[in-house]
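Student: Please find model.txt (compact mmCIF, C-alpha atoms and all ligand atoms) on the next line:
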# COMPACT_ATOMS: atom_id res chain seq x y z
CA MET A 253 11.74 50.72 26.97
CA SER A 254 9.80 49.06 24.14
CA SER A 255 11.24 45.85 22.72
CA GLY A 256 9.52 46.58 19.42
CA LEU A 257 7.69 43.27 19.68
CA GLU A 258 4.35 44.39 21.24
CA GLN A 259 2.30 43.98 18.09
CA ILE A 260 3.57 40.64 16.96
CA ARG A 261 1.37 37.60 16.66
CA ARG A 262 2.56 35.08 19.26
CA HIS A 263 2.23 31.71 17.48
CA ARG A 264 4.13 30.10 20.32
CA ARG A 265 1.12 30.61 22.66
CA LEU A 266 -0.45 27.49 21.17
CA ARG A 267 2.78 25.56 21.52
CA GLN A 268 3.57 26.12 25.21
CA ILE A 269 1.58 23.36 26.85
CA ARG A 270 1.12 19.78 25.80
CA THR A 271 -2.66 19.96 26.33
CA VAL A 272 -3.01 22.96 24.06
CA ARG A 273 -0.75 21.42 21.44
CA ASP A 274 -2.98 18.33 21.46
CA LEU A 275 -6.13 20.47 21.31
CA VAL A 276 -5.08 22.26 18.15
CA GLN A 277 -3.51 19.29 16.41
CA GLU A 278 -4.97 19.16 12.91
CA CYS A 279 -4.68 15.49 12.12
CA ARG A 280 -3.86 12.26 13.88
CA VAL A 281 -2.75 8.81 12.88
CA GLU A 282 -4.57 6.03 14.70
CA ALA A 283 -4.11 2.28 14.43
CA SER A 284 -7.50 2.28 12.70
CA ASP A 285 -5.96 4.32 9.84
CA LEU A 286 -3.37 1.68 9.00
CA ILE A 287 -3.50 -1.31 6.67
CA ALA A 288 -0.64 -3.82 6.91
CA PRO A 289 0.82 -5.20 3.68
CA LEU A 290 1.92 -8.80 4.32
CA PHE A 291 4.09 -11.11 2.20
CA LEU A 292 3.38 -14.82 1.84
CA GLN A 293 5.36 -17.84 0.84
CA ASP A 294 4.39 -21.44 0.38
CA GLY A 295 5.58 -24.43 2.35
CA GLY A 296 5.83 -25.43 5.98
CA GLY A 297 9.11 -24.02 7.26
CA ARG A 298 9.72 -20.78 9.03
CA PRO A 299 8.95 -17.31 7.72
CA THR A 300 11.94 -15.89 5.82
CA PRO A 301 13.11 -12.35 6.51
CA VAL A 302 13.11 -9.79 3.69
CA GLU A 303 16.72 -8.58 3.81
CA SER A 304 16.05 -5.06 2.60
CA MET A 305 13.10 -4.55 4.96
CA PRO A 306 14.18 -5.08 8.57
CA GLY A 307 11.34 -6.53 10.63
CA VAL A 308 9.39 -7.74 7.58
CA VAL A 309 9.06 -11.45 6.72
CA ARG A 310 7.44 -13.64 4.11
CA HIS A 311 4.81 -15.48 6.16
CA THR A 312 3.77 -19.08 5.92
CA LEU A 313 0.01 -19.66 6.08
CA GLU A 314 0.40 -20.55 9.73
CA THR A 315 2.32 -17.45 10.80
CA LEU A 316 0.12 -15.30 8.55
CA VAL A 317 -2.94 -16.24 10.54
CA GLU A 318 -1.15 -15.55 13.83
CA ALA A 319 0.06 -12.19 12.55
CA CYS A 320 -3.45 -11.27 11.43
CA ARG A 321 -4.90 -12.11 14.84
CA GLU A 322 -2.30 -9.94 16.50
CA LEU A 323 -2.87 -7.04 14.10
CA ARG A 324 -6.62 -7.12 14.64
CA GLY A 325 -6.04 -7.19 18.39
CA LEU A 326 -3.93 -4.06 18.01
CA GLY A 327 -6.76 -2.25 16.20
CA ILE A 328 -5.51 -2.63 12.63
CA PRO A 329 -8.58 -2.91 10.38
CA GLY A 330 -7.10 -4.78 7.42
CA VAL A 331 -4.25 -6.45 5.60
CA ALA A 332 -3.08 -6.42 1.97
CA LEU A 333 -1.70 -9.76 0.81
CA PHE A 334 1.22 -10.22 -1.60
CA PRO A 335 2.52 -13.68 -2.58
CA ALA A 336 6.14 -14.61 -3.21
CA THR A 337 5.40 -17.29 -5.79
CA ASP A 338 7.65 -20.32 -6.14
CA PRO A 339 9.75 -19.59 -9.27
CA ALA A 340 8.83 -23.06 -10.58
CA LEU A 341 5.20 -21.88 -10.83
CA LYS A 342 6.00 -18.74 -12.85
CA ASP A 343 5.59 -18.53 -16.61
CA PRO A 344 5.35 -15.72 -19.18
CA LEU A 345 1.53 -15.64 -18.90
CA GLY A 346 1.41 -15.72 -15.11
CA ARG A 347 -0.97 -18.67 -15.24
CA GLU A 348 -0.66 -19.45 -11.53
CA ALA A 349 -2.69 -16.28 -10.91
CA LEU A 350 -5.75 -18.15 -12.20
CA ASN A 351 -5.28 -21.23 -10.05
CA PRO A 352 -8.15 -21.15 -7.51
CA GLY A 353 -5.89 -23.07 -5.12
CA ASN A 354 -2.97 -20.64 -5.39
CA LEU A 355 -1.21 -19.25 -2.34
CA VAL A 356 -3.20 -16.03 -2.17
CA CYS A 357 -6.59 -17.71 -2.49
CA ARG A 358 -5.66 -20.18 0.24
CA ALA A 359 -4.39 -17.35 2.42
CA VAL A 360 -7.57 -15.32 1.99
CA ARG A 361 -9.69 -18.28 3.04
CA ALA A 362 -7.47 -18.98 6.05
CA VAL A 363 -7.48 -15.38 7.26
CA ARG A 364 -11.21 -14.86 6.73
CA ARG A 365 -11.95 -18.03 8.67
CA ALA A 366 -9.59 -17.26 11.56
CA VAL A 367 -10.11 -13.49 11.86
CA PRO A 368 -13.51 -12.75 10.34
CA ASP A 369 -13.59 -9.06 11.19
CA LEU A 370 -10.23 -8.26 9.57
CA LEU A 371 -10.51 -6.77 6.08
CA VAL A 372 -8.56 -8.54 3.37
CA PHE A 373 -7.35 -6.57 0.34
CA THR A 374 -5.95 -8.69 -2.49
CA ASP A 375 -3.52 -7.50 -5.12
CA VAL A 376 -4.69 -7.73 -8.73
CA ALA A 377 -1.61 -7.72 -10.98
CA LEU A 378 0.44 -10.44 -12.62
CA ASP A 379 3.97 -9.55 -11.48
CA PRO A 380 4.14 -12.11 -8.65
CA TYR A 381 3.32 -14.81 -11.24
CA THR A 382 5.15 -13.86 -14.45
CA SER A 383 8.63 -15.18 -15.20
CA HIS A 384 9.59 -11.74 -16.63
CA GLY A 385 8.29 -9.83 -13.57
CA HIS A 386 5.95 -7.50 -15.47
CA ASP A 387 2.42 -6.80 -14.27
CA GLY A 388 0.81 -8.30 -17.35
CA ILE A 389 1.11 -10.42 -20.45
CA LEU A 390 3.67 -9.23 -23.00
CA THR A 391 2.95 -8.38 -26.64
CA PRO A 392 4.11 -11.02 -29.16
CA ASP A 393 7.49 -9.32 -29.72
CA GLY A 394 7.97 -9.02 -25.96
CA SER A 395 8.58 -5.30 -26.09
CA ASP A 396 5.60 -4.14 -24.02
CA VAL A 397 2.72 -5.25 -21.83
CA ASP A 398 -0.46 -5.97 -23.80
CA ASN A 399 -3.13 -3.87 -22.11
CA ASP A 400 -6.36 -5.54 -23.17
CA ALA A 401 -5.13 -9.12 -22.97
CA THR A 402 -3.88 -8.37 -19.45
CA VAL A 403 -7.16 -6.80 -18.34
CA ALA A 404 -9.04 -9.94 -19.38
CA VAL A 405 -6.81 -12.05 -17.09
CA LEU A 406 -7.01 -9.56 -14.22
CA ALA A 407 -10.81 -9.75 -14.27
CA LYS A 408 -10.70 -13.54 -13.83
CA MET A 409 -8.11 -13.15 -11.10
CA ALA A 410 -10.34 -10.69 -9.20
CA VAL A 411 -13.30 -13.08 -9.34
CA LEU A 412 -11.18 -15.90 -7.87
CA GLN A 413 -10.05 -13.63 -5.05
CA ALA A 414 -13.64 -12.51 -4.41
CA ALA A 415 -14.72 -16.16 -4.33
CA ALA A 416 -12.01 -16.82 -1.75
CA GLY A 417 -13.57 -14.11 0.41
CA CYS A 418 -11.62 -10.86 0.11
CA GLN A 419 -13.65 -7.70 0.79
CA PHE A 420 -11.60 -5.53 -1.59
CA VAL A 421 -9.62 -6.23 -4.72
CA ALA A 422 -6.77 -3.81 -5.33
CA PRO A 423 -5.62 -3.56 -8.96
CA SER A 424 -1.98 -2.41 -8.88
CA ASP A 425 -1.20 -3.07 -12.53
CA MET A 426 -1.96 0.33 -14.11
CA MET A 427 -3.55 -1.10 -17.24
CA ASP A 428 -6.13 1.20 -18.85
CA GLY A 429 -9.79 0.37 -18.37
CA ARG A 430 -9.24 -2.34 -15.80
CA VAL A 431 -11.42 -0.83 -13.10
CA ALA A 432 -14.49 -0.80 -15.37
CA VAL A 433 -13.90 -4.38 -16.46
CA LEU A 434 -13.24 -5.56 -12.89
CA ARG A 435 -16.43 -3.89 -11.65
CA ARG A 436 -18.58 -5.38 -14.39
CA THR A 437 -17.03 -8.84 -14.05
CA LEU A 438 -17.38 -8.89 -10.26
CA ASP A 439 -21.01 -7.81 -10.50
CA GLU A 440 -21.82 -10.42 -13.15
CA ALA A 441 -20.09 -13.12 -11.11
CA GLY A 442 -22.28 -12.34 -8.11
CA TYR A 443 -19.86 -10.20 -6.07
CA PRO A 444 -21.43 -6.72 -6.14
CA GLY A 445 -20.35 -6.21 -2.53
CA VAL A 446 -16.65 -6.65 -3.17
CA GLY A 447 -15.03 -3.24 -3.40
CA ILE A 448 -12.28 -1.89 -5.63
CA LEU A 449 -9.33 -0.08 -4.08
CA ALA A 450 -7.69 1.30 -7.22
CA TYR A 451 -3.98 2.00 -7.37
CA ALA A 452 -5.14 5.09 -9.19
CA ALA A 453 -1.98 7.17 -9.30
CA LYS A 454 0.89 4.73 -9.25
CA PHE A 455 4.24 6.07 -10.32
CA ALA A 456 7.18 4.31 -12.00
CA SER A 457 9.22 4.55 -8.82
CA ALA A 458 12.64 3.41 -7.66
CA PHE A 459 11.14 3.06 -4.19
CA TYR A 460 9.59 -0.34 -5.04
CA GLY A 461 13.00 -2.06 -4.98
CA PRO A 462 12.68 -3.93 -1.66
CA PHE A 463 9.14 -5.09 -2.54
CA ARG A 464 10.43 -6.62 -5.77
CA ASP A 465 13.01 -8.52 -3.72
CA ALA A 466 10.29 -9.65 -1.34
CA VAL A 467 7.99 -11.11 -4.03
CA GLY A 468 10.84 -12.14 -6.33
CA SER A 469 9.73 -10.07 -9.33
CA ALA A 470 13.12 -8.33 -9.50
CA ALA A 471 15.02 -11.57 -10.09
CA ALA A 472 13.51 -11.85 -13.54
CA ALA A 473 15.20 -8.69 -14.70
CA GLY A 474 18.60 -9.90 -13.48
CA THR A 475 20.87 -7.01 -12.76
CA ARG A 476 18.71 -4.53 -14.69
CA ALA A 477 16.01 -2.64 -12.84
CA LEU A 478 12.58 -3.71 -14.06
CA ASP A 479 11.34 -0.94 -16.31
CA LYS A 480 7.59 -0.37 -15.96
CA ARG A 481 7.47 3.08 -17.56
CA THR A 482 5.06 2.05 -20.32
CA TYR A 483 2.31 1.59 -17.72
CA GLN A 484 3.26 3.30 -14.44
CA ILE A 485 3.14 7.11 -14.34
CA ASN A 486 6.16 9.35 -14.94
CA PRO A 487 7.26 10.76 -11.53
CA ALA A 488 7.34 14.22 -13.11
CA ASN A 489 3.62 14.27 -13.91
CA ARG A 490 1.07 15.49 -11.39
CA ARG A 491 -1.67 16.56 -13.80
CA GLU A 492 -1.53 13.25 -15.62
CA ALA A 493 -1.69 11.38 -12.29
CA VAL A 494 -4.81 13.24 -11.17
CA ALA A 495 -6.49 12.71 -14.56
CA ASP A 496 -5.70 8.98 -14.47
CA ALA A 497 -7.02 8.68 -10.92
CA LEU A 498 -10.28 10.47 -11.77
CA CYS A 499 -10.71 8.04 -14.64
CA ASP A 500 -10.60 5.18 -12.12
CA GLU A 501 -13.32 6.96 -10.17
CA ALA A 502 -15.47 7.27 -13.29
CA GLU A 503 -14.94 3.56 -13.98
CA GLY A 504 -16.33 2.63 -10.57
CA ALA A 505 -13.47 2.53 -8.07
CA ASP A 506 -14.62 2.79 -4.44
CA ILE A 507 -11.33 4.13 -3.06
CA LEU A 508 -8.44 5.80 -4.89
CA MET A 509 -4.82 5.27 -3.88
CA VAL A 510 -1.63 7.24 -4.47
CA LYS A 511 1.65 5.31 -4.49
CA PRO A 512 4.36 5.90 -3.32
CA ALA A 513 3.12 8.23 -0.59
CA GLY A 514 5.89 10.38 0.93
CA PRO A 515 7.49 11.63 -2.29
CA TYR A 516 4.04 12.32 -3.84
CA LEU A 517 2.25 14.34 -1.16
CA ASP A 518 1.43 17.04 -3.70
CA VAL A 519 -0.47 14.49 -5.80
CA LEU A 520 -2.35 13.28 -2.73
CA HIS A 521 -3.23 16.84 -1.79
CA GLU A 522 -4.43 17.76 -5.25
CA LEU A 523 -6.45 14.57 -5.62
CA ARG A 524 -8.06 15.30 -2.22
CA GLY A 525 -9.46 18.46 -3.72
CA ALA A 526 -10.54 16.77 -6.94
CA THR A 527 -12.61 13.82 -5.66
CA ARG A 528 -15.06 13.00 -2.92
CA LEU A 529 -14.01 9.36 -2.76
CA PRO A 530 -11.96 8.11 0.17
CA LEU A 531 -8.22 8.29 -0.48
CA ALA A 532 -5.56 5.83 0.48
CA ALA A 533 -1.80 6.19 0.25
CA TYR A 534 0.81 3.44 0.08
CA GLN A 535 3.98 4.13 2.02
CA VAL A 536 6.00 1.71 -0.08
CA SER A 537 8.86 -0.64 0.66
CA GLY A 538 11.61 1.86 -0.20
CA GLU A 539 10.11 4.53 2.06
CA TYR A 540 10.12 1.98 4.88
CA ALA A 541 13.63 0.77 4.03
CA GLN A 542 15.19 4.21 4.00
CA ILE A 543 13.85 5.09 7.46
CA GLN A 544 14.90 1.70 8.84
CA ALA A 545 18.36 1.92 7.29
CA ALA A 546 19.06 5.41 8.57
CA ALA A 547 17.81 4.44 12.04
CA ARG A 548 20.05 1.36 12.05
CA ASN A 549 22.99 3.59 11.32
CA GLY A 550 22.04 5.83 14.21
CA TRP A 551 21.35 8.64 11.75
CA LEU A 552 17.62 9.03 12.42
CA ASP A 553 15.35 8.36 15.36
CA LEU A 554 13.17 5.47 14.20
CA VAL A 555 9.99 6.29 16.11
CA GLY A 556 10.17 10.01 15.40
CA ALA A 557 10.82 9.54 11.69
CA ARG A 558 8.16 6.83 11.39
CA GLU A 559 5.48 8.87 13.12
CA GLU A 560 6.30 12.06 11.22
CA SER A 561 6.25 10.24 7.88
CA LEU A 562 2.77 8.84 8.65
CA LEU A 563 1.41 12.16 9.93
CA ALA A 564 2.61 13.93 6.77
CA ILE A 565 0.71 11.44 4.61
CA LYS A 566 -2.51 12.00 6.57
CA ARG A 567 -2.03 15.74 6.57
CA ALA A 568 -1.70 15.73 2.78
CA GLY A 569 -5.13 14.08 2.48
CA ALA A 570 -4.99 10.31 2.96
CA ASP A 571 -7.88 8.76 4.89
CA PHE A 572 -5.80 5.66 5.51
CA ILE A 573 -2.30 4.36 4.84
CA LEU A 574 -0.86 1.07 3.68
CA THR A 575 2.40 0.83 5.58
CA TYR A 576 4.93 -1.78 6.67
CA PHE A 577 5.08 0.17 9.94
CA ALA A 578 1.45 -0.77 10.74
CA ARG A 579 2.25 -3.29 13.46
CA ASP A 580 4.98 -1.23 15.14
CA ALA A 581 2.91 1.94 15.02
CA ALA A 582 -0.13 0.16 16.50
CA LEU A 583 2.00 -1.49 19.17
CA PHE A 584 3.51 1.88 20.07
CA ARG A 585 0.03 3.36 20.56
CA ALA A 586 -1.16 0.37 22.59
CA GLU A 587 1.91 0.47 24.84
CA SER A 588 2.16 4.18 25.37
CA GLY A 589 -1.59 4.71 25.59
CA LYS A 590 -1.08 7.55 23.14
CA LYS A 591 -3.95 8.44 20.92
CA ASN A 592 -1.93 10.20 18.29
CA GLY A 593 1.38 9.60 16.74
CA VAL A 594 3.36 12.41 18.30
CA ALA A 595 5.92 10.93 20.64
C1 LIG B 601 3.22 -4.52 -8.51
C2 LIG B 601 3.35 -3.91 -7.15
C3 LIG B 601 4.46 -3.24 -6.69
C4 LIG B 601 4.19 -2.83 -5.40
C5 LIG B 601 2.91 -3.27 -5.08
N1 LIG B 601 2.38 -3.94 -6.18
C6 LIG B 601 5.79 -3.00 -7.30
C7 LIG B 601 5.94 -2.75 -8.72
O1 LIG B 601 5.14 -2.04 -9.33
O2 LIG B 601 6.90 -3.29 -9.26
C8 LIG B 601 5.18 -2.07 -4.58
C9 LIG B 601 4.90 -1.94 -3.14
C10 LIG B 601 6.08 -1.54 -2.35
O3 LIG B 601 7.13 -1.15 -2.85
O4 LIG B 601 5.94 -1.60 -1.12
N2 LIG B 601 1.96 -4.86 -8.91
In structure tokens, write the structure found in this file.
Tutor:
Amino acid sequence: MSSGLEQIRRHRRLRQIRTVRDLVQECRVEASDLIAPLFLQDGGGRPTPVESMPGVVRHTLETLVEACRELRGLGIPGVALFPATDPALKDPLGREALNPGNLVCRAVRAVRRAVPDLLVFTDVALDPYTSHGHDGILTPDGSDVDNDATVAVLAKMAVLQAAAGCQFVAPSDMMDGRVAVLRRTLDEAGYPGVGILAYAAKFASAFYGPFRDAVGSAAAAGTRALDKRTYQINPANRREAVADALCDEAEGADILMVKPAGPYLDVLHELRGATRLPLAAYQVSGEYAQIQAAARNGWLDLVGAREESLLAIKRAGADFILTYFARDAALFRAESGKKNGVA
């Protein structure tokens, strides 16, 4: 008797045996694909936990260096540094950003000295330094961020970070024209080798909430959510995001980044087809927090959800990923001897 199934295509053939599944796996996430974002705070004391991001702390310079050594040992190629600036040092112009002895510049020097083969990406934006929490200087009536005045400050900030020794500056501000000005200013200042990782398609996202707690930029807005919609991209707009990203390429960016990552895989995928530059994706604080929170409630398997979320970002087209899971994911690979992220 025929079952009626003789002619069907048996997809399950390639899924029967672990070895075959591994052989036909289309993408993998290795420790070498992951960049760890790290938060910094000043002062001796102990690192302080970020409440909304279990497992994440604001490092002191001392623990930062230890963490960087460990990450490098685990095969992580680089870190992205974000300062939680002492509120007493914040002002409406974000002047502390231009202090060559500020926390980030000191941290870059310390990390480069202690772990010379770890890449250091520095954030170019004013929000950790402004009393109002915006990424730039406000217009005289305070209603908006002044694009061109902000870009002029960002360029100086990038040169200070390059002088401190970072290999990449990463403008996360979303001002227009900043990549061109950063490139020209870095070249003129004698840093033609310092690269630009452009936050090329950065959306006005609710998923940045825990990050704003971590660096203290949320406090400025009080109980209101900080509204960055006059510079970050509308979450509804894919075409606009791709156009903006390609503009960063034309201005001289070395690597383009999409942020957040998980909710914007379509943007990542389309940008992959539109550029030949390397692509990064930032799995942001809220993406991390939601997986951690669900796992803590026993509602999701932490390792499974973490690994799947990272694989999806690579599959969509990212060459590498900024993720708060970097250390745990690298540790998992080191301990299990697994080459890819599938548990
Ligand atoms: C701001 C900046 C933000 C993040 C990185 N740089 C937040 C914002 O735009 O308010 C968010 C990263 C994260 O959520 O993990 N320049």
Student: Contacts between ligand LIG 601 (chain B) and chain A, please, where a residue of chain A counts if it comes within 10 Å (with all atoms listed in the file); show its shortest atom pair and distance in Å to one decimal, rows by chain and ascending number, as CSV.
Tutor:
residue,atom,partner,partner_atom,distance
A:Pro289,CA,B:LIG601,O4,7.9
A:Leu290,CA,B:LIG601,O4,9.9
A:Met305,CA,B:LIG601,O4,9.8
A:Ala332,CA,B:LIG601,C5,9.8
A:Leu333,CA,B:LIG601,C5,9.9
A:Phe334,CA,B:LIG601,N1,7.9
A:Asp375,CA,B:LIG601,N1,7.0
A:Val376,CA,B:LIG601,N2,7.2
A:Ala377,CA,B:LIG601,N2,5.0
A:Leu378,CA,B:LIG601,N2,6.9
A:Asp379,CA,B:LIG601,N2,5.7
A:Pro380,CA,B:LIG601,N2,7.6
A:Gly385,CA,B:LIG601,O2,8.0
A:His386,CA,B:LIG601,O2,7.6
A:Asp387,CA,B:LIG601,N2,5.7
A:Gly388,CA,B:LIG601,N2,9.2
A:Ala422,CA,B:LIG601,N1,9.2
A:Pro423,CA,B:LIG601,N2,7.7
A:Ser424,CA,B:LIG601,N2,4.6
A:Asp425,CA,B:LIG601,N2,5.1
A:Met426,CA,B:LIG601,N2,8.3
A:Tyr451,CA,B:LIG601,N1,8.8
A:Lys454,CA,B:LIG601,O1,8.0
A:Phe455,CA,B:LIG601,O1,8.2
A:Ala456,CA,B:LIG601,O1,7.2
A:Ser457,CA,B:LIG601,O1,7.8
A:Ala458,CA,B:LIG601,O3,8.6
A:Phe459,CA,B:LIG601,O3,6.0
A:Tyr460,CA,B:LIG601,O3,3.4
A:Gly461,CA,B:LIG601,O3,6.3
A:Pro462,CA,B:LIG601,O3,6.3
A:Phe463,CA,B:LIG601,O3,4.4
A:Arg464,CA,B:LIG601,O2,6.0
A:Asp465,CA,B:LIG601,O3,9.5
A:Ala466,CA,B:LIG601,O4,9.2
A:Val467,CA,B:LIG601,C6,9.0
A:Ser469,CA,B:LIG601,O2,7.3
A:Ala470,CA,B:LIG601,O2,8.0
A:Ala477,CA,B:LIG601,O2,9.8
A:Leu478,CA,B:LIG601,O2,7.4
A:Asp479,CA,B:LIG601,O2,8.7
A:Lys480,CA,B:LIG601,O1,7.3
A:Arg481,CA,B:LIG601,O1,10.0
A:Tyr483,CA,B:LIG601,O1,9.6
A:Gln484,CA,B:LIG601,O1,7.6
A:Lys511,CA,B:LIG601,C9,8.1
A:Pro512,CA,B:LIG601,O3,7.6
A:Tyr534,CA,B:LIG601,O4,7.3
A:Gln535,CA,B:LIG601,O4,6.8
A:Val536,CA,B:LIG601,O4,3.5
A:Ser537,CA,B:LIG601,O4,3.6
A:Gly538,CA,B:LIG601,O3,6.0
A:Glu539,CA,B:LIG601,O4,8.1
A:Tyr540,CA,B:LIG601,O4,8.1
A:Ala541,CA,B:LIG601,O4,9.6
A:Leu574,CA,B:LIG601,O4,8.7
A:Thr575,CA,B:LIG601,O4,8.0
A:Tyr576,CA,B:LIG601,O4,7.9
Student: Using all atoms listed in the file, which residue out of A:Gly468, A:Pro301, A:Gly353, A:Gly569 lies closest to Val519 of chain A?
Tutor: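 That would be A:Gly569, the residue with the smallest distance to Val519 of chain A.
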Student: Got a sec: who's within 10 Å of Thr437 of chain A, counting only C-alpha atoms, leaving out chain neighbours fewer than 3 positions off, as a PyMOL selection string?
Tutor: chain A and resi 404+407-408+410-411+431-434+440-444
Student: For atom CA of Thr374 of chain A and atom CA of Val331 of chain A, determine how far apart the two atoms are, in Å to one decimal place.
Tutor: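 Between these atoms lies a distance of 8.6 Å.
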Student: Centre and edge lengths of an axis-aligned box around all listed atoms of segment 563-577 of chain A, with 8 Å added on each side, are to be given in Å to one decimal, as JSON.
Tutor:
{"center_x": -1.4, "center_y": 7.0, "center_z": 6.2, "size_x": 29.0, "size_y": 33.5, "size_z": 23.5}
Student: Just the number, please: distance in Å from atom CA of Asp285 of chain A to atom CA of Leu531 of chain A, one decimal.
Tutor: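 These atoms are spaced 11.3 Å apart.
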Student: Go ahead and find all residues with at least one atom no further than 10 Å from (-8.6, -5.2, 12.9) in the file's coordinates, using only C-alpha atoms; report them as a list of chain:residue names.
Tutor: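 In the file's frame, the residues around the point are A:Ala283, A:Ser284, A:Leu286, A:Ile287, A:Cys320, A:Arg321, A:Glu322, A:Leu323, A:Arg324, A:Gly325, A:Leu326, A:Gly327, A:Ile328, A:Pro329, A:Gly330, A:Val331, A:Val367, A:Pro368, A:Asp369, A:Leu370, A:Leu371.
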Student: Got a sec to check which residues sit within 10 Å of (8.3, -23.2, -0.7), counting all atoms listed in the file, and write them as a list in words?
Tutor: Gln293, Asp294, Gly295, Gly296, Gly297, Thr312, Ala336, Thr337, Asp338, Pro339 and Ala340 of chain A
Student: Find the distance between atom CA of Ala493 of chain A and atom CA of Phe420 of chain A and write it in Å to one decimal.
Tutor: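 Distance reported for this atom pair: 22.3 Å.
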Student: Which residue, A:Arg491, A:Cys418, A:Ala349, A:Ser395, has the smallest gap to Ala362 of chain A when you use all atoms listed in the file?
Tutor: A:Cys418
Student: Set the distance at 6 Å and use all atoms listed in the file: which residues neighbour Ala533 of chain A once local chain neighbours fewer than 2 positions away are removed? I'd like the list as a list of chain:residue names.
Tutor: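 Listing them by chain and then by number gives A:Met509, A:Val510, A:Lys511, A:Ala513, A:Ala570, A:Ile573.
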Student: Restrict the selected residues to C-alpha atoms and save them as a PDB file, keeping the file's coordinate frame.
Tutor:
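part.pdb was written with the following content:
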ATOM      1  CA  MET A 509      -4.820   5.270  -3.880  1.00  0.00           C
ATOM      2  CA  VAL A 510      -1.630   7.240  -4.470  1.00  0.00           C
ATOM      3  CA  LYS A 511       1.650   5.310  -4.490  1.00  0.00           C
ATOM      4  CA  ALA A 513       3.120   8.230  -0.590  1.00  0.00           C
ATOM      5  CA  ALA A 570      -4.990  10.310   2.960  1.00  0.00           C
ATOM      6  CA  ILE A 573      -2.300   4.360   4.840  1.00  0.00           C
TER       7      ILE A 573
END
Student: Which of these, A:Asn489, A:Asn351, A:Ser304, A:Ser255, has the shortest distance to Ile543 of chain A once you count all atoms listed in the file?
Tutor: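 Checking each candidate against Ile543 of chain A, we get A:Ser304 as the closest.
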Student: Give the answer as one residue: which of A:Gln259, A:Glu303, A:Thr402, A:Asp274 has the shortest atom-to-atom distance to Gln544 of chain A, using all atoms listed in the file?
Tutor: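 Of A:Gln259, A:Glu303, A:Thr402, A:Asp274, the one nearest Gln544 of chain A is A:Glu303, counting all atoms listed in the file.
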Student: Considering all atoms listed in the file, state which residue in the set A:Gly504, A:Phe373, A:Glu587, A:Ser383 is at the smallest distance from Leu438 of chain A.
Tutor: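 Ranking A:Gly504, A:Phe373, A:Glu587, A:Ser383 by distance to Leu438 of chain A, first place goes to A:Gly504.
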Student: Calculated over all atoms listed in the file, which of the candidates A:Ala415, A:Ala488, A:Leu257, A:Leu508 has the smallest distance to Ala452 of chain A?
Tutor: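 Among the listed residues, the smallest separation from Ala452 of chain A belongs to A:Leu508.
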Student: Determine, counting all atoms listed in the file, which protein, DNA and RNA residues have an atom within 8 Å of an atom of Ala505 of chain A; residues of the same chain fewer than 5 positions away are not included. Present the result as a list in words.
Tutor: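 My list of contacting residues is Val431, Arg435, Gly447, Ile448, Leu449, Ala450 and Asp500 of chain A.
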Student: Where atoms are missing, can you supply N, CA, C and O atoms for segment 429-436 of chain A and output the lot as a short mmCIF file (atom, residue, chain, number, x, y, z; two decimals), in the coordinates of the input?
Tutor:
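What follows is the written file result19.cif:
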data_model
loop_
_atom_site.label_atom_id
_atom_site.label_comp_id
_atom_site.auth_asym_id
_atom_site.auth_seq_id
_atom_site.Cartn_x
_atom_site.Cartn_y
_atom_site.Cartn_z
N GLY A 429 -8.46 0.96 -18.29
CA GLY A 429 -9.79 0.37 -18.37
C GLY A 429 -10.04 -0.80 -17.44
O GLY A 429 -11.11 -1.40 -17.44
N ARG A 430 -9.05 -1.12 -16.58
CA ARG A 430 -9.24 -2.34 -15.80
C ARG A 430 -10.27 -2.18 -14.70
O ARG A 430 -10.96 -3.16 -14.35
N VAL A 431 -10.45 -0.98 -14.17
CA VAL A 431 -11.42 -0.83 -13.10
C VAL A 431 -12.84 -1.10 -13.62
O VAL A 431 -13.62 -1.83 -12.99
N ALA A 432 -13.16 -0.58 -14.79
CA ALA A 432 -14.49 -0.80 -15.37
C ALA A 432 -14.73 -2.28 -15.61
O ALA A 432 -15.80 -2.81 -15.27
N VAL A 433 -13.73 -2.96 -16.16
CA VAL A 433 -13.90 -4.38 -16.46
C VAL A 433 -13.99 -5.20 -15.17
O VAL A 433 -14.82 -6.10 -15.04
N LEU A 434 -13.17 -4.86 -14.18
CA LEU A 434 -13.24 -5.56 -12.89
C LEU A 434 -14.64 -5.39 -12.26
O LEU A 434 -15.23 -6.35 -11.78
N ARG A 435 -15.12 -4.16 -12.27
CA ARG A 435 -16.43 -3.89 -11.65
C ARG A 435 -17.53 -4.72 -12.32
O ARG A 435 -18.33 -5.38 -11.66
N ARG A 436 -17.53 -4.66 -13.67
CA ARG A 436 -18.58 -5.38 -14.39
C ARG A 436 -18.45 -6.89 -14.16
O ARG A 436 -19.43 -7.57 -13.89
#
